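Visitor: Can you keep this structure in mind? I'll have questions shortly.
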Amino acid sequence: MARDRDEVADDGGDGGDGKERSGTVRAILPRALYRVLVDGGREVIAHAPSGPGRNFVRLIVGDRVIVVRLARDAGRARIVRKVRS
């Protein structure tokens with residue numbers, strides 16, 4: 001019996017909790033990826049949102065950002081927004 005797409009997306013078994021966390025951009029990587037040090041000492045690889053309607057500014061090393069960890073991989077995250085300083 002096939003499961004719904006919503007059930008597959010919400011399995012969340014790999015540590016991704018969907019909570020927003022703040023962090024600092026530590027390095028800019030190829031292919032629009034960023035290495036982000038999340039508050040609490042964990043380092044994750046993050047990507048910026050894409051698609052129509054996304055007006056995302058360029059990030060530089062040292063910028064503060066808000067990230068959400070991905071459910072399938074605790075070492076990956078999505079950058080939600082840049083924190084204004």
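Labels used: A, B, ... for chains in the order of the structure tokens, numbers from 1 for residues in each chain, and numbers from 1 for ligands as shown.
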Do you know which residues are at most 12 Å from A:Leu33 counting only C-alpha atoms, after dropping those on the same chain fewer than 2 positions away, and could you put them as a PDB file with N, CA and C atoms, in the first residue's frame?
Guide:
```pdb
ATOM      1  N   VAL A  25      27.364  32.472   9.148  1.00  0.00           N
ATOM      2  CA  VAL A  25      27.974  31.916   7.940  1.00  0.00           C
ATOM      3  C   VAL A  25      29.481  31.853   8.163  1.00  0.00           C
ATOM      4  N   ARG A  26      30.059  30.650   8.041  1.00  0.00           N
ATOM      5  CA  ARG A  26      31.491  30.446   8.261  1.00  0.00           C
ATOM      6  C   ARG A  26      32.278  30.369   6.962  1.00  0.00           C
ATOM      7  N   ALA A  27      31.629  29.863   5.888  1.00  0.00           N
ATOM      8  CA  ALA A  27      32.316  29.722   4.602  1.00  0.00           C
ATOM      9  C   ALA A  27      31.294  29.679   3.483  1.00  0.00           C
ATOM     10  N   ILE A  28      31.701  30.179   2.322  1.00  0.00           N
ATOM     11  CA  ILE A  28      30.877  30.097   1.120  1.00  0.00           C
ATOM     12  C   ILE A  28      31.424  28.948   0.287  1.00  0.00           C
ATOM     13  N   LEU A  29      30.559  28.010  -0.052  1.00  0.00           N
ATOM     14  CA  LEU A  29      30.937  26.810  -0.784  1.00  0.00           C
ATOM     15  C   LEU A  29      30.413  26.880  -2.214  1.00  0.00           C
ATOM     16  N   PRO A  30      30.911  26.044  -3.095  1.00  0.00           N
ATOM     17  CA  PRO A  30      30.395  26.013  -4.468  1.00  0.00           C
ATOM     18  C   PRO A  30      28.921  25.594  -4.507  1.00  0.00           C
ATOM     19  N   ARG A  31      28.273  25.903  -5.624  1.00  0.00           N
ATOM     20  CA  ARG A  31      26.887  25.508  -5.888  1.00  0.00           C
ATOM     21  C   ARG A  31      25.893  26.119  -4.917  1.00  0.00           C
ATOM     22  N   ARG A  35      28.526  27.045   4.654  1.00  0.00           N
ATOM     23  CA  ARG A  35      28.814  26.340   5.904  1.00  0.00           C
ATOM     24  C   ARG A  35      28.409  27.287   7.028  1.00  0.00           C
ATOM     25  N   VAL A  36      27.468  26.839   7.876  1.00  0.00           N
ATOM     26  CA  VAL A  36      26.899  27.687   8.917  1.00  0.00           C
ATOM     27  C   VAL A  36      27.165  27.058  10.281  1.00  0.00           C
ATOM     28  N   VAL A  44      26.636  23.036  10.060  1.00  0.00           N
ATOM     29  CA  VAL A  44      25.802  22.404   9.043  1.00  0.00           C
ATOM     30  C   VAL A  44      26.101  23.016   7.678  1.00  0.00           C
ATOM     31  N   ILE A  45      25.753  22.280   6.634  1.00  0.00           N
ATOM     32  CA  ILE A  45      25.818  22.783   5.267  1.00  0.00           C
ATOM     33  C   ILE A  45      24.409  23.276   4.938  1.00  0.00           C
ATOM     34  N   ALA A  46      24.289  24.534   4.505  1.00  0.00           N
ATOM     35  CA  ALA A  46      22.972  25.119   4.270  1.00  0.00           C
ATOM     36  C   ALA A  46      22.872  25.653   2.853  1.00  0.00           C
ATOM     37  N   HIS A  47      21.640  25.658   2.341  1.00  0.00           N
ATOM     38  CA  HIS A  47      21.380  26.255   1.031  1.00  0.00           C
ATOM     39  C   HIS A  47      20.340  27.349   1.189  1.00  0.00           C
ATOM     40  N   ALA A  48      20.395  28.307   0.277  1.00  0.00           N
ATOM     41  CA  ALA A  48      19.437  29.406   0.282  1.00  0.00           C
ATOM     42  C   ALA A  48      18.179  28.979  -0.465  1.00  0.00           C
ATOM     43  N   PRO A  49      17.031  29.539  -0.123  1.00  0.00           N
ATOM     44  CA  PRO A  49      15.812  29.175  -0.838  1.00  0.00           C
ATOM     45  C   PRO A  49      15.877  29.645  -2.283  1.00  0.00           C
ATOM     46  N   SER A  50      15.186  28.927  -3.163  1.00  0.00           N
ATOM     47  CA  SER A  50      15.177  29.289  -4.575  1.00  0.00           C
ATOM     48  C   SER A  50      13.754  29.224  -5.097  1.00  0.00           C
ATOM     49  N   ARG A  58      22.712  38.353  -1.299  1.00  0.00           N
ATOM     50  CA  ARG A  58      23.948  37.586  -1.229  1.00  0.00           C
ATOM     51  C   ARG A  58      24.464  37.575   0.212  1.00  0.00           C
ATOM     52  N   LEU A  59      24.973  36.436   0.620  1.00  0.00           N
ATOM     53  CA  LEU A  59      25.535  36.301   1.968  1.00  0.00           C
ATOM     54  C   LEU A  59      27.051  36.351   1.900  1.00  0.00           C
ATOM     55  N   ILE A  60      27.659  36.881   2.953  1.00  0.00           N
ATOM     56  CA  ILE A  60      29.110  36.880   3.076  1.00  0.00           C
ATOM     57  C   ILE A  60      29.481  36.242   4.406  1.00  0.00           C
ATOM     58  N   ARG A  76      22.411  18.954   7.276  1.00  0.00           N
ATOM     59  CA  ARG A  76      21.998  19.885   6.224  1.00  0.00           C
ATOM     60  C   ARG A  76      20.900  20.800   6.759  1.00  0.00           C
ATOM     61  N   ALA A  77      20.810  21.995   6.171  1.00  0.00           N
ATOM     62  CA  ALA A  77      19.797  22.959   6.603  1.00  0.00           C
ATOM     63  C   ALA A  77      19.412  23.859   5.444  1.00  0.00           C
ATOM     64  N   ARG A  78      18.326  24.601   5.632  1.00  0.00           N
ATOM     65  CA  ARG A  78      17.869  25.595   4.666  1.00  0.00           C
ATOM     66  C   ARG A  78      17.920  26.959   5.336  1.00  0.00           C
ATOM     67  N   ILE A  79      18.515  27.929   4.667  1.00  0.00           N
ATOM     68  CA  ILE A  79      18.569  29.286   5.204  1.00  0.00           C
ATOM     69  C   ILE A  79      17.208  29.929   4.959  1.00  0.00           C
TER      70      ILE A  79
END
```
Visitor: Could you name the residues that touch A:Lys19 at 10 Å or less, counting only C-alpha atoms, but leaving out those on the same chain fewer than 6 positions away, as a PyMOL selection string?
Guide: chain A and resi 66-70
Visitor: In terms of the shortest atom-to-atom distance over only C-alpha atoms, which of A:Gly75, A:Gly41, A:Gly23, A:Gly51 is closest to A:Asp63?
Guide: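 Checking each of A:Gly75, A:Gly41, A:Gly23, A:Gly51 against A:Asp63, counting only C-alpha atoms, the winner is A:Gly23.
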Visitor: Go through A:Ala32, A:Leu37, A:Val65, A:Ala74 and flag the residue nearest A:Glu20, using only C-alpha atoms for the distances.
Guide: A:Val65
Visitor: With distances taken over only C-alpha atoms, which of A:Ala71, A:Val61, A:Arg84, A:Thr24 is nearest to A:Arg42?
Guide: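 Of all the options, A:Thr24 lies closest to A:Arg42.
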